[in-house]
file run.cif (mmCIF, C-alpha atoms)
data_structure
#
loop_
_atom_site.label_atom_id
_atom_site.label_comp_id
_atom_site.auth_asym_id
_atom_site.auth_seq_id
_atom_site.Cartn_x
_atom_site.Cartn_y
_atom_site.Cartn_z
CA MET S 1 35.38 -7.45 -20.83
CA LEU S 2 37.04 -4.92 -18.54
CA ALA S 3 39.17 -7.01 -16.21
CA ALA S 4 39.73 -10.54 -14.98
CA HIS S 5 41.56 -12.08 -12.08
CA ALA S 6 41.62 -15.22 -9.98
CA TRP S 7 42.41 -13.71 -6.60
CA ARG S 8 42.60 -16.46 -3.96
CA GLY S 9 41.35 -18.98 -6.50
CA ASP S 10 38.05 -17.24 -7.31
CA GLU S 11 37.85 -16.65 -11.03
CA THR S 12 36.36 -13.21 -11.54
CA VAL S 13 35.42 -11.40 -14.71
CA THR S 14 34.26 -7.79 -14.99
CA VAL S 15 32.21 -6.94 -18.06
CA ARG S 16 30.61 -3.79 -19.38
CA PRO S 17 26.91 -3.38 -18.49
CA GLU S 18 25.89 -3.40 -22.16
CA SER S 19 27.40 -6.83 -22.71
CA LEU S 20 26.04 -8.38 -19.51
CA LEU S 21 23.17 -10.29 -21.14
CA GLU S 22 25.46 -11.61 -23.86
CA ALA S 23 28.09 -12.74 -21.35
CA ALA S 24 25.50 -14.32 -19.08
CA ARG S 25 23.90 -16.22 -21.94
CA LEU S 26 27.31 -17.45 -23.03
CA LEU S 27 28.04 -18.68 -19.50
CA LYS S 28 24.75 -20.49 -19.36
CA GLU S 29 24.55 -22.02 -22.80
CA ASP S 30 28.13 -22.57 -23.94
CA PRO S 31 29.15 -26.22 -23.44
CA GLU S 32 32.51 -24.96 -22.10
CA PHE S 33 30.80 -23.23 -19.15
CA GLN S 34 27.31 -24.73 -18.54
CA MET S 35 26.70 -22.36 -15.63
CA ASN S 36 23.16 -23.54 -14.94
CA PHE S 37 23.04 -22.41 -11.30
CA LEU S 38 22.92 -18.74 -10.24
CA MET S 39 24.14 -19.04 -6.66
CA ASP S 40 24.19 -15.43 -5.59
CA LEU S 41 23.47 -11.97 -6.88
CA SER S 42 24.42 -8.94 -4.87
CA ALA S 43 25.89 -5.46 -5.14
CA VAL S 44 28.71 -3.41 -3.67
CA ASP S 45 28.78 0.31 -2.96
CA TYR S 46 32.35 1.59 -3.39
CA GLN S 47 31.58 5.16 -2.32
CA ALA S 48 33.69 4.87 0.84
CA PHE S 49 36.22 2.46 -0.65
CA GLY S 50 39.82 3.59 -0.18
CA LYS S 51 38.84 6.60 1.90
CA THR S 52 40.21 7.11 5.37
CA LEU S 53 38.34 8.12 8.46
CA GLN S 54 38.64 11.83 9.28
CA GLY S 55 38.18 12.55 12.97
CA GLN S 56 36.26 10.56 15.49
CA GLY S 57 32.94 9.06 14.54
CA ALA S 58 32.91 10.67 11.13
CA HIS S 59 30.74 7.92 9.76
CA ALA S 60 27.84 8.81 12.04
CA ASN S 61 27.91 12.52 11.25
CA THR S 62 28.59 12.47 7.55
CA GLY S 63 26.32 9.54 6.94
CA ILE S 64 29.00 7.78 4.95
CA ALA S 65 30.16 4.62 6.63
CA ILE S 66 33.96 4.55 6.42
CA ARG S 67 35.91 1.83 8.13
CA GLN S 68 39.60 2.16 8.84
CA PRO S 69 41.50 -0.12 6.48
CA MET S 70 43.09 -3.05 8.21
CA ASN S 71 46.79 -3.29 7.49
CA VAL S 72 46.96 -7.01 7.10
CA PRO S 73 50.18 -8.06 5.35
CA THR S 74 49.48 -10.10 2.26
CA ASP S 75 51.56 -11.54 -0.54
CA GLU S 76 48.73 -11.14 -2.99
CA PRO S 77 46.91 -7.82 -2.68
CA TRP S 78 43.30 -7.65 -3.77
CA PRO S 79 43.10 -6.22 -7.32
CA GLY S 80 40.27 -3.83 -6.33
CA PRO S 81 37.36 -2.66 -8.45
CA ALA S 82 37.96 -2.55 -12.19
CA THR S 83 36.46 0.90 -12.75
CA THR S 84 35.71 4.03 -10.76
CA ALA S 85 31.96 3.43 -10.94
CA ARG S 86 30.22 3.74 -7.62
CA PHE S 87 28.40 0.38 -7.65
CA GLU S 88 29.18 -3.09 -8.80
CA VAL S 89 26.62 -5.83 -9.26
CA VAL S 90 28.15 -9.21 -8.52
CA TYR S 91 26.92 -12.55 -9.85
CA HIS S 92 28.13 -15.93 -8.62
CA PHE S 93 27.57 -18.83 -10.94
CA PHE S 94 28.07 -22.55 -10.46
CA SER S 95 28.10 -25.26 -13.06
CA LEU S 96 26.50 -28.40 -11.70
CA PRO S 97 27.75 -30.67 -14.53
CA LEU S 98 31.33 -29.30 -14.55
CA LYS S 99 31.63 -28.41 -10.84
CA ARG S 100 33.17 -25.03 -11.64
CA ARG S 101 32.45 -21.59 -10.29
CA ILE S 102 32.78 -18.15 -11.80
CA ARG S 103 32.10 -14.65 -10.56
CA LEU S 104 30.78 -11.97 -12.89
CA LYS S 105 30.90 -8.29 -12.04
CA VAL S 106 29.23 -5.32 -13.72
CA PRO S 107 30.13 -1.72 -12.86
CA VAL S 108 27.12 0.56 -12.41
CA GLU S 109 27.38 4.34 -12.51
CA GLU S 110 25.65 6.37 -9.82
CA SER S 111 24.06 8.66 -12.43
CA LYS S 112 22.28 5.79 -14.16
CA PRO S 113 21.88 2.85 -11.74
CA GLU S 114 20.40 0.35 -14.14
CA VAL S 115 21.48 -3.02 -15.52
CA ASP S 116 19.76 -5.74 -17.50
CA SER S 117 17.74 -8.31 -15.61
CA LEU S 118 18.82 -11.95 -15.68
CA VAL S 119 15.37 -13.31 -14.82
CA PRO S 120 14.81 -14.59 -18.39
CA LEU S 121 17.94 -16.76 -18.02
CA TRP S 122 17.81 -17.78 -14.33
CA ALA S 123 14.51 -17.61 -12.44
CA ALA S 124 16.56 -17.42 -9.24
CA ALA S 125 17.56 -13.88 -10.17
CA ASN S 126 14.04 -12.62 -9.50
CA TRP S 127 14.18 -12.17 -5.72
CA PHE S 128 17.92 -11.40 -5.69
CA GLU S 129 17.37 -8.48 -8.04
CA ARG S 130 14.47 -7.24 -5.94
CA GLU S 131 16.76 -7.33 -2.91
CA VAL S 132 19.47 -5.37 -4.73
CA TRP S 133 16.85 -2.81 -5.80
CA ASP S 134 15.59 -2.61 -2.23
CA MET S 135 18.98 -2.22 -0.59
CA TYR S 136 21.02 -0.35 -3.22
CA GLY S 137 18.48 1.26 -5.53
CA ILE S 138 19.82 -0.37 -8.68
CA ARG S 139 17.13 -0.97 -11.28
CA PHE S 140 16.96 -4.10 -13.40
CA ARG S 141 15.75 -3.57 -16.93
CA GLY S 142 13.16 -6.18 -17.91
CA HIS S 143 12.48 -7.48 -14.40
CA PRO S 144 8.87 -8.79 -14.24
CA ASP S 145 8.01 -7.34 -10.80
CA LEU S 146 10.68 -4.99 -9.49
CA LYS S 147 9.45 -3.95 -6.05
CA ARG S 148 10.92 -3.96 -2.55
CA ILE S 149 11.33 -7.40 -1.01
CA LEU S 150 12.55 -6.81 2.56
CA MET S 151 11.53 -3.26 3.40
CA TYR S 152 7.95 -2.01 3.18
CA PRO S 153 6.76 0.01 0.17
CA GLU S 154 6.61 3.28 2.13
CA PHE S 155 10.30 3.05 3.04
CA GLU S 156 12.33 5.95 1.65
CA GLY S 157 15.86 5.45 0.40
CA HIS S 158 18.04 2.40 0.06
CA PRO S 159 19.61 1.44 3.38
CA LEU S 160 22.76 -0.35 2.23
CA ARG S 161 23.97 2.66 0.25
CA LYS S 162 26.93 4.15 2.09
CA ASP S 163 25.35 7.60 2.14
CA TYR S 164 22.23 6.34 3.90
CA PRO S 165 22.49 8.01 7.35
CA VAL S 166 23.33 5.40 9.97
CA ASN S 167 20.92 6.85 12.50
CA LYS S 168 18.09 7.73 10.13
CA ARG S 169 14.66 6.66 11.37
CA GLN S 170 11.73 6.04 9.08
CA PRO S 171 8.15 6.95 9.97
CA LEU S 172 6.11 4.04 11.27
CA ILE S 173 3.50 2.55 8.99
CA GLY S 174 0.14 0.88 9.31
CA PRO S 175 -2.28 1.11 12.26
CA VAL S 176 0.55 2.38 14.49
CA ASN S 177 -0.13 5.88 13.19
CA MET T 1 -17.97 -5.94 59.50
CA PHE T 2 -21.31 -4.15 59.85
CA GLY T 3 -21.42 -0.59 58.72
CA SER T 4 -18.28 -0.90 56.68
CA GLN T 5 -19.45 -1.88 53.26
CA ASN T 6 -16.10 -0.87 51.83
CA PHE T 7 -14.47 -3.64 53.80
CA LEU T 8 -16.53 -6.33 52.03
CA THR T 9 -16.21 -4.91 48.53
CA SER T 10 -12.51 -4.25 48.84
CA LYS T 11 -11.99 -7.81 50.05
CA LEU T 12 -13.95 -9.09 47.06
CA GLU T 13 -11.95 -6.89 44.75
CA SER T 14 -8.71 -8.18 46.31
CA ALA T 15 -9.94 -11.72 45.82
CA ILE T 16 -10.58 -10.99 42.14
CA GLY T 17 -7.08 -9.57 41.88
CA TRP T 18 -5.70 -12.68 43.55
CA ALA T 19 -7.60 -14.88 41.09
CA ARG T 20 -6.52 -12.83 38.14
CA LYS T 21 -2.82 -12.73 38.93
CA TYR T 22 -2.67 -16.51 39.32
CA SER T 23 -4.56 -17.30 36.12
CA ILE T 24 -2.63 -15.36 33.51
CA PHE T 25 -3.46 -16.35 29.96
CA GLN T 26 -0.50 -15.14 27.95
CA TYR T 27 -0.08 -14.45 24.28
CA PRO T 28 3.56 -15.13 23.29
CA PHE T 29 4.48 -12.78 20.44
CA VAL T 30 7.78 -14.51 19.69
CA THR T 31 9.90 -13.06 16.89
CA ALA T 32 13.54 -13.83 17.70
CA CYS T 33 16.12 -15.63 19.83
CA CYS T 34 14.50 -14.60 23.13
CA GLY T 35 11.93 -17.22 22.24
CA MET T 36 14.37 -19.95 23.28
CA GLU T 37 14.58 -18.46 26.75
CA TYR T 38 10.82 -18.07 26.80
CA MET T 39 10.48 -21.77 26.02
CA ALA T 40 13.02 -22.64 28.71
CA THR T 41 10.94 -20.66 31.19
CA ALA T 42 7.75 -22.34 30.09
CA CYS T 43 9.11 -25.88 30.25
CA SER T 44 9.29 -28.14 33.27
CA HIS T 45 12.68 -27.11 34.63
CA TYR T 46 11.56 -23.57 35.48
CA ASP T 47 7.87 -24.28 35.05
CA VAL T 48 6.02 -21.02 34.63
CA ASP T 49 2.86 -22.89 35.54
CA ARG T 50 3.87 -22.62 39.21
CA PHE T 51 2.90 -18.97 38.87
CA GLY T 52 -0.36 -19.68 37.12
CA ALA T 53 0.85 -18.48 33.74
CA GLY T 54 1.47 -21.81 32.05
CA PHE T 55 -1.27 -21.66 29.48
CA PRO T 56 -0.31 -19.75 26.32
CA ARG T 57 -3.26 -18.80 24.14
CA PHE T 58 -2.47 -18.25 20.50
CA SER T 59 -5.44 -15.97 20.00
CA PRO T 60 -5.18 -12.41 21.29
CA ARG T 61 -8.91 -12.44 22.08
CA GLN T 62 -8.41 -15.14 24.70
CA ALA T 63 -5.25 -13.68 26.26
CA ASP T 64 -4.73 -11.04 28.89
CA VAL T 65 -0.94 -10.67 28.95
CA LEU T 66 0.97 -9.89 25.77
CA PHE T 67 4.53 -11.24 25.97
CA VAL T 68 6.53 -9.45 23.29
CA VAL T 69 9.54 -11.73 22.92
CA GLY T 70 12.21 -10.63 20.46
CA THR T 71 13.19 -7.84 18.10
CA ILE T 72 10.35 -5.86 16.55
CA SER T 73 11.13 -4.37 13.15
CA HIS T 74 9.33 -1.44 11.58
CA LYS T 75 7.63 -3.88 9.28
CA MET T 76 6.37 -5.96 12.22
CA ALA T 77 5.24 -2.97 14.29
CA PRO T 78 1.77 -2.63 12.70
CA VAL T 79 1.15 -6.33 13.31
CA LEU T 80 2.08 -6.02 16.98
CA LYS T 81 -0.15 -2.97 17.34
CA LYS T 82 -3.05 -4.84 15.76
CA ILE T 83 -2.55 -7.82 18.09
CA TYR T 84 -2.54 -5.46 21.05
CA ASP T 85 -5.71 -3.76 19.88
CA GLN T 86 -7.44 -7.12 19.43
CA MET T 87 -6.86 -8.11 23.06
CA THR T 88 -9.74 -7.48 25.42
CA GLU T 89 -9.48 -5.52 28.64
CA PRO T 90 -8.03 -6.04 31.14
CA LYS T 91 -4.69 -6.49 29.37
CA TRP T 92 -1.05 -6.12 30.23
CA VAL T 93 2.13 -6.03 28.17
CA VAL T 94 5.50 -7.52 29.06
CA ALA T 95 8.58 -6.42 27.09
CA PHE T 96 10.82 -9.49 27.07
CA GLY T 97 14.50 -8.82 26.31
CA VAL T 98 16.37 -5.60 25.56
CA CYS T 99 15.26 -5.47 21.92
CA THR T 100 11.66 -4.97 22.96
CA CYS T 101 12.64 -2.67 25.83
CA THR T 102 14.88 -0.26 23.92
CA GLY T 103 15.90 -1.74 20.60
CA GLY T 104 18.89 -3.38 22.27
CA PHE T 105 22.10 -3.35 20.29
CA TYR T 106 20.22 -2.60 17.11
CA ASP T 107 20.56 1.00 15.98
CA ASN T 108 19.67 0.79 12.33
CA TYR T 109 17.15 1.42 9.60
CA ALA T 110 14.96 -1.57 10.32
CA THR T 111 14.45 -1.97 14.06
CA LEU T 112 11.86 -0.38 16.31
CA MET T 113 13.60 1.34 19.22
CA GLY T 114 11.48 -0.21 21.94
CA ILE T 115 7.87 -1.36 21.75
CA ASP T 116 6.83 1.38 24.18
CA THR T 117 6.98 3.74 21.21
CA ILE T 118 3.79 2.06 19.92
CA ILE T 119 2.06 0.29 22.84
CA PRO T 120 2.09 0.82 26.63
CA VAL T 121 4.35 -1.56 28.54
CA ASP T 122 3.78 -2.73 32.12
CA VAL T 123 6.89 -4.75 32.85
CA TYR T 124 10.32 -4.56 31.21
CA ILE T 125 12.52 -7.66 31.41
CA PRO T 126 15.98 -6.67 30.17
CA GLY T 127 18.64 -9.16 29.14
CA CYS T 128 20.01 -10.50 25.90
CA PRO T 129 18.27 -12.82 26.37
CA PRO T 130 17.03 -12.69 30.00
CA ARG T 131 17.59 -15.79 32.08
CA PRO T 132 14.49 -17.74 33.13
CA GLU T 133 14.91 -16.52 36.73
CA ASN T 134 14.82 -12.99 35.35
CA VAL T 135 11.63 -13.78 33.44
CA LEU T 136 9.97 -15.27 36.51
CA ASP T 137 10.99 -12.18 38.48
CA GLY T 138 9.32 -10.02 35.83
CA LEU T 139 6.24 -12.22 35.97
CA ILE T 140 6.02 -11.83 39.76
CA LYS T 141 6.35 -8.06 39.31
CA LEU T 142 3.47 -8.19 36.85
CA GLN T 143 1.41 -10.16 39.37
CA ASP T 144 2.14 -7.50 41.99
CA ARG T 145 0.90 -4.88 39.56
CA ILE T 146 -2.29 -6.82 38.87
CA GLN T 147 -2.95 -7.26 42.58
CA ALA T 148 -2.19 -3.58 43.25
CA GLN T 149 -4.69 -2.51 40.60
CA HIS T 150 -7.42 -4.47 42.37
CA ASP T 151 -6.38 -3.26 45.79
CA GLY T 152 -7.02 0.28 44.62
CA LYS T 153 -3.34 1.24 44.72
CA PRO T 154 -2.27 0.89 41.08
CA ILE T 155 1.43 1.12 40.36
CA PRO T 156 1.90 3.65 37.52
CA ARG T 157 3.40 2.41 34.28
CA PRO T 158 7.05 3.28 33.64
CA ASP T 159 7.14 6.52 31.68
CA PRO T 160 8.83 6.03 28.28
CA SER T 161 9.69 9.75 28.14
CA GLU T 162 12.03 9.25 31.10
CA ARG T 163 14.31 7.03 29.08
CA ALA T 164 17.96 7.93 29.10
CA PHE T 165 18.34 7.81 25.34
CA THR T 166 16.59 9.08 22.24
CA VAL T 167 14.60 6.96 19.83
#
call {"tool": "encode", "arguments": {"input": "run.cif", "output": "structure tokens"}}
result
Amino acid sequence: MLAAHAWRGDETVTVRPESLLEAARLLKEDPEFQMNFLMDLSAVDYQAFGKTLQGQGAHANTGIAIRQPMNVPTDEPWPGPATTARFEVVYHFFSLPLKRRIRLKVPVEESKPEVDSLVPLWAAANWFEREVWDMYGIRFRGHPDLKRILMYPEFEGHPLRKDYPVNKRQPLIGPVN
Amino acid sequence: MFGSQNFLTSKLESAIGWARKYSIFQYPFVTACCGMEYMATACSHYDVDRFGAGFPRFSPRQADVLFVVGTISHKMAPVLKKIYDQMTEPKWVVAFGVCTCTGGFYDNYATLMGIDTIIPVDVYIPGCPPRPENVLDGLIKLQDRIQAQHDGKPIPRPDPSERAFTV
């Protein structure tokens, strides 16, 4: 385990990628947790996190989407990502018998964007993981059918990565050409 | 009347144009929220049947006007092109709403920046979504085009290369 917090009442645990399967199985099978429902699985790209906008419209020219931070006063600042890894894969679990929620996070390095698949534990992870692969280019080890789910197979790149150029156009496919 | 054969044939051709413009069989290619406004136009309050276009055909082979209603993504573009190719001549295309005209407020990895990048468009109906009056106005413009084609004075299609923005 790398970090844990309960910011705004959401219990969040960050674990190392190598212990993800172990932690997930514990959450599912331990009678203390009984997290039998995988509600959501997504990813975050922290490449532009904490950076400030330089000049006008920098996001369109550099291709990195940076938004000016909003200076909203808060008594309880957000703890931020646990590591300096570029990506984080985020899992939201819910326990139907115990009515409890927990959020699990796994840092993913840009050099090796790969984590273990949770499809053997929750079948719901199948399409979520395909979406994360499609949008962020993070591979899931052991996924039965890891292919794009929203974009077409000829699509190049992963559009929700912050360095995907905002105004990039892809060639048209099919009988159009 | 005698000695002016052109008079008779042009009158017949005009009559065909008149018949054609008031019996439009449309194919509604509805993909997004503009579809609600399309339905409002089609229903009794605005009643598109007053203009002879009240009979949607859900087969492109039986339709002569393709109503492209709603955002077209890159993934949908080949489907739209295939539908257009399946329609028999004579055929016309109406771009319904800004998304089909230009891409609208979408400027991203997924959206086609106007259907005129893949198929020719006869009438553009802008609006997000266009009001039914706007749609009926576009329909009347299409009817004028159909009539003009049969009167031997066809109105040229809007040229996509004259657009004020890049795709």
call {"tool": "resolve_selection", "arguments": {"input": "run.cif", "expression": "the PyMOL selection byres ((chain T and resi 128) around 9)", "output": "list in words"}}
result
Cys33, Cys34, Gly97, Val98, Cys99, Gly104, Pro126, Gly127, Pro129, Pro130 and Arg131 of chain T
call {"tool": "write_last_selection", "arguments": {"input": "run.cif", "atoms": "C-alpha atoms", "output": "mmCIF file, in the frame of the given file"}}
result
data_model
loop_
_atom_site.group_PDB
_atom_site.id
_atom_site.type_symbol
_atom_site.label_atom_id
_atom_site.label_comp_id
_atom_site.auth_asym_id
_atom_site.auth_seq_id
_atom_site.Cartn_x
_atom_site.Cartn_y
_atom_site.Cartn_z
ATOM 1 C CA CYS T 33 16.120 -15.630 19.830
ATOM 2 C CA CYS T 34 14.500 -14.600 23.130
ATOM 3 C CA GLY T 97 14.500 -8.820 26.310
ATOM 4 C CA VAL T 98 16.370 -5.600 25.560
ATOM 5 C CA CYS T 99 15.260 -5.470 21.920
ATOM 6 C CA GLY T 104 18.890 -3.380 22.270
ATOM 7 C CA PRO T 126 15.980 -6.670 30.170
ATOM 8 C CA GLY T 127 18.640 -9.160 29.140
ATOM 9 C CA PRO T 129 18.270 -12.820 26.370
ATOM 10 C CA PRO T 130 17.030 -12.690 30.000
ATOM 11 C CA ARG T 131 17.590 -15.790 32.080
#
call {"tool": "residues_around", "arguments": {"input": "run.cif", "residues": "S:Asp40", "least_positions_apart": "2", "cutoff": "10 Å", "atoms": "only C-alpha atoms", "output": "list in words"}}
result
Phe37, Leu38, Ser42, Val90, Tyr91, His92, Phe93, Phe94, Arg103, Ala124, Ala125 and Phe128 of chain S
call {"tool": "write_last_selection", "arguments": {"input": "run.cif", "atoms": "C-alpha atoms", "output": "compact mmCIF listing (two decimals), in the frame of the given file"}}
result
# COMPACT_ATOMS: atom_id res chain seq x y z
CA PHE S 37 23.04 -22.41 -11.30
CA LEU S 38 22.92 -18.74 -10.24
CA SER S 42 24.42 -8.94 -4.87
CA VAL S 90 28.15 -9.21 -8.52
CA TYR S 91 26.92 -12.55 -9.85
CA HIS S 92 28.13 -15.93 -8.62
CA PHE S 93 27.57 -18.83 -10.94
CA PHE S 94 28.07 -22.55 -10.46
CA ARG S 103 32.10 -14.65 -10.56
CA ALA S 124 16.56 -17.42 -9.24
CA ALA S 125 17.56 -13.88 -10.17
CA PHE S 128 17.92 -11.40 -5.69
call {"tool": "resolve_selection", "arguments": {"input": "run.cif", "expression": "the PyMOL selection byres ((chain T) within 9 of (chain S))", "output": "mmCIF file with C-alpha atoms, in the frame of the given file"}}
result
data_model
loop_
_atom_site.group_PDB
_atom_site.id
_atom_site.type_symbol
_atom_site.label_atom_id
_atom_site.label_comp_id
_atom_site.auth_asym_id
_atom_site.auth_seq_id
_atom_site.Cartn_x
_atom_site.Cartn_y
_atom_site.Cartn_z
ATOM 1 C CA HIS T 74 9.330 -1.440 11.580
ATOM 2 C CA LYS T 75 7.630 -3.880 9.280
ATOM 3 C CA ALA T 77 5.240 -2.970 14.290
ATOM 4 C CA PRO T 78 1.770 -2.630 12.700
ATOM 5 C CA VAL T 79 1.150 -6.330 13.310
ATOM 6 C CA LEU T 80 2.080 -6.020 16.980
ATOM 7 C CA LYS T 81 -0.150 -2.970 17.340
ATOM 8 C CA LYS T 82 -3.050 -4.840 15.760
ATOM 9 C CA ASP T 107 20.560 1.000 15.980
ATOM 10 C CA ASN T 108 19.670 0.790 12.330
ATOM 11 C CA TYR T 109 17.150 1.420 9.600
ATOM 12 C CA ALA T 110 14.960 -1.570 10.320
ATOM 13 C CA LEU T 112 11.860 -0.380 16.310
ATOM 14 C CA ILE T 118 3.790 2.060 19.920
ATOM 15 C CA ILE T 119 2.060 0.290 22.840
ATOM 16 C CA VAL T 167 14.600 6.960 19.830
#
call {"tool": "resolve_selection", "arguments": {"input": "run.cif", "expression": "the PyMOL selection byres ((chain T and resi 94) around 12)", "output": "PyMOL selection string"}}
result
chain T and resi 26-30+64-70+84+91-93+95-98+100-101+114-116+119-126+135-143+145+157-158
call {"tool": "closest_residue", "arguments": {"input": "run.cif", "among": "T:Phe105, T:Tyr38, T:Tyr46, T:Phe25", "to": "T:Phe58", "atoms": "only C-alpha atoms"}}
result
T:Phe25
call {"tool": "atom_distance", "arguments": {"input": "run.cif", "atom1": "atom CA of S:Ala24", "atom2": "atom CA of S:Ala48"}}
result
28.8 Å
call {"tool": "residues_near_point", "arguments": {"input": "run.cif", "point": "(29.1, -0.2, -17.9)", "cutoff": "7 Å", "atoms": "only C-alpha atoms", "output": "PDB file with C-alpha atoms, keeping the file's coordinate frame"}}
result
ATOM      1  CA  ARG S  16      30.610  -3.790 -19.380  1.00  0.00           C
ATOM      2  CA  PRO S  17      26.910  -3.380 -18.490  1.00  0.00           C
ATOM      3  CA  GLU S  18      25.890  -3.400 -22.160  1.00  0.00           C
ATOM      4  CA  VAL S 106      29.230  -5.320 -13.720  1.00  0.00           C
ATOM      5  CA  PRO S 107      30.130  -1.720 -12.860  1.00  0.00           C
ATOM      6  CA  VAL S 108      27.120   0.560 -12.410  1.00  0.00           C
TER       7      VAL S 108
END
call {"tool": "build_atoms", "arguments": {"input": "run.cif", "residues": "stretch 51-64 of chain T", "atoms": "N, CA and C atoms", "output": "PDB file, in the coordinates of the input"}}
result
ATOM      1  N   PHE T  51       3.397 -20.322  38.623  1.00  0.00           N
ATOM      2  CA  PHE T  51       2.900 -18.970  38.870  1.00  0.00           C
ATOM      3  C   PHE T  51       1.571 -18.736  38.176  1.00  0.00           C
ATOM      4  N   GLY T  52       0.962 -19.801  37.711  1.00  0.00           N
ATOM      5  CA  GLY T  52      -0.360 -19.680  37.120  1.00  0.00           C
ATOM      6  C   GLY T  52      -0.368 -19.088  35.730  1.00  0.00           C
ATOM      7  N   ALA T  53       0.796 -19.090  35.071  1.00  0.00           N
ATOM      8  CA  ALA T  53       0.850 -18.480  33.740  1.00  0.00           C
ATOM      9  C   ALA T  53       1.297 -19.502  32.707  1.00  0.00           C
ATOM     10  N   GLY T  54       0.938 -20.753  32.904  1.00  0.00           N
ATOM     11  CA  GLY T  54       1.470 -21.810  32.050  1.00  0.00           C
ATOM     12  C   GLY T  54       0.614 -22.143  30.853  1.00  0.00           C
ATOM     13  N   PHE T  55      -0.316 -21.287  30.528  1.00  0.00           N
ATOM     14  CA  PHE T  55      -1.270 -21.660  29.480  1.00  0.00           C
ATOM     15  C   PHE T  55      -1.242 -20.615  28.374  1.00  0.00           C
ATOM     16  N   PRO T  56      -0.332 -20.742  27.403  1.00  0.00           N
ATOM     17  CA  PRO T  56      -0.310 -19.750  26.320  1.00  0.00           C
ATOM     18  C   PRO T  56      -1.524 -19.915  25.413  1.00  0.00           C
ATOM     19  N   ARG T  57      -2.145 -18.802  25.091  1.00  0.00           N
ATOM     20  CA  ARG T  57      -3.260 -18.800  24.140  1.00  0.00           C
ATOM     21  C   ARG T  57      -2.750 -18.165  22.861  1.00  0.00           C
ATOM     22  N   PHE T  58      -2.981 -18.815  21.740  1.00  0.00           N
ATOM     23  CA  PHE T  58      -2.470 -18.250  20.500  1.00  0.00           C
ATOM     24  C   PHE T  58      -3.548 -17.448  19.783  1.00  0.00           C
ATOM     25  N   SER T  59      -4.485 -16.940  20.531  1.00  0.00           N
ATOM     26  CA  SER T  59      -5.440 -15.970  20.000  1.00  0.00           C
ATOM     27  C   SER T  59      -5.440 -14.771  20.932  1.00  0.00           C
ATOM     28  N   PRO T  60      -5.216 -13.579  20.407  1.00  0.00           N
ATOM     29  CA  PRO T  60      -5.180 -12.410  21.290  1.00  0.00           C
ATOM     30  C   PRO T  60      -6.505 -12.171  21.996  1.00  0.00           C
ATOM     31  N   ARG T  61      -7.603 -12.688  21.459  1.00  0.00           N
ATOM     32  CA  ARG T  61      -8.910 -12.440  22.080  1.00  0.00           C
ATOM     33  C   ARG T  61      -9.109 -13.276  23.321  1.00  0.00           C
ATOM     34  N   GLN T  62      -8.266 -14.301  23.512  1.00  0.00           N
ATOM     35  CA  GLN T  62      -8.410 -15.140  24.700  1.00  0.00           C
ATOM     36  C   GLN T  62      -7.282 -14.866  25.704  1.00  0.00           C
ATOM     37  N   ALA T  63      -6.427 -13.893  25.417  1.00  0.00           N
ATOM     38  CA  ALA T  63      -5.250 -13.680  26.260  1.00  0.00           C
ATOM     39  C   ALA T  63      -5.397 -12.379  27.040  1.00  0.00           C
ATOM     40  N   ASP T  64      -4.719 -12.320  28.189  1.00  0.00           N
ATOM     41  CA  ASP T  64      -4.730 -11.040  28.890  1.00  0.00           C
ATOM     42  C   ASP T  64      -3.332 -10.479  29.149  1.00  0.00           C
TER      43      ASP T  64
END
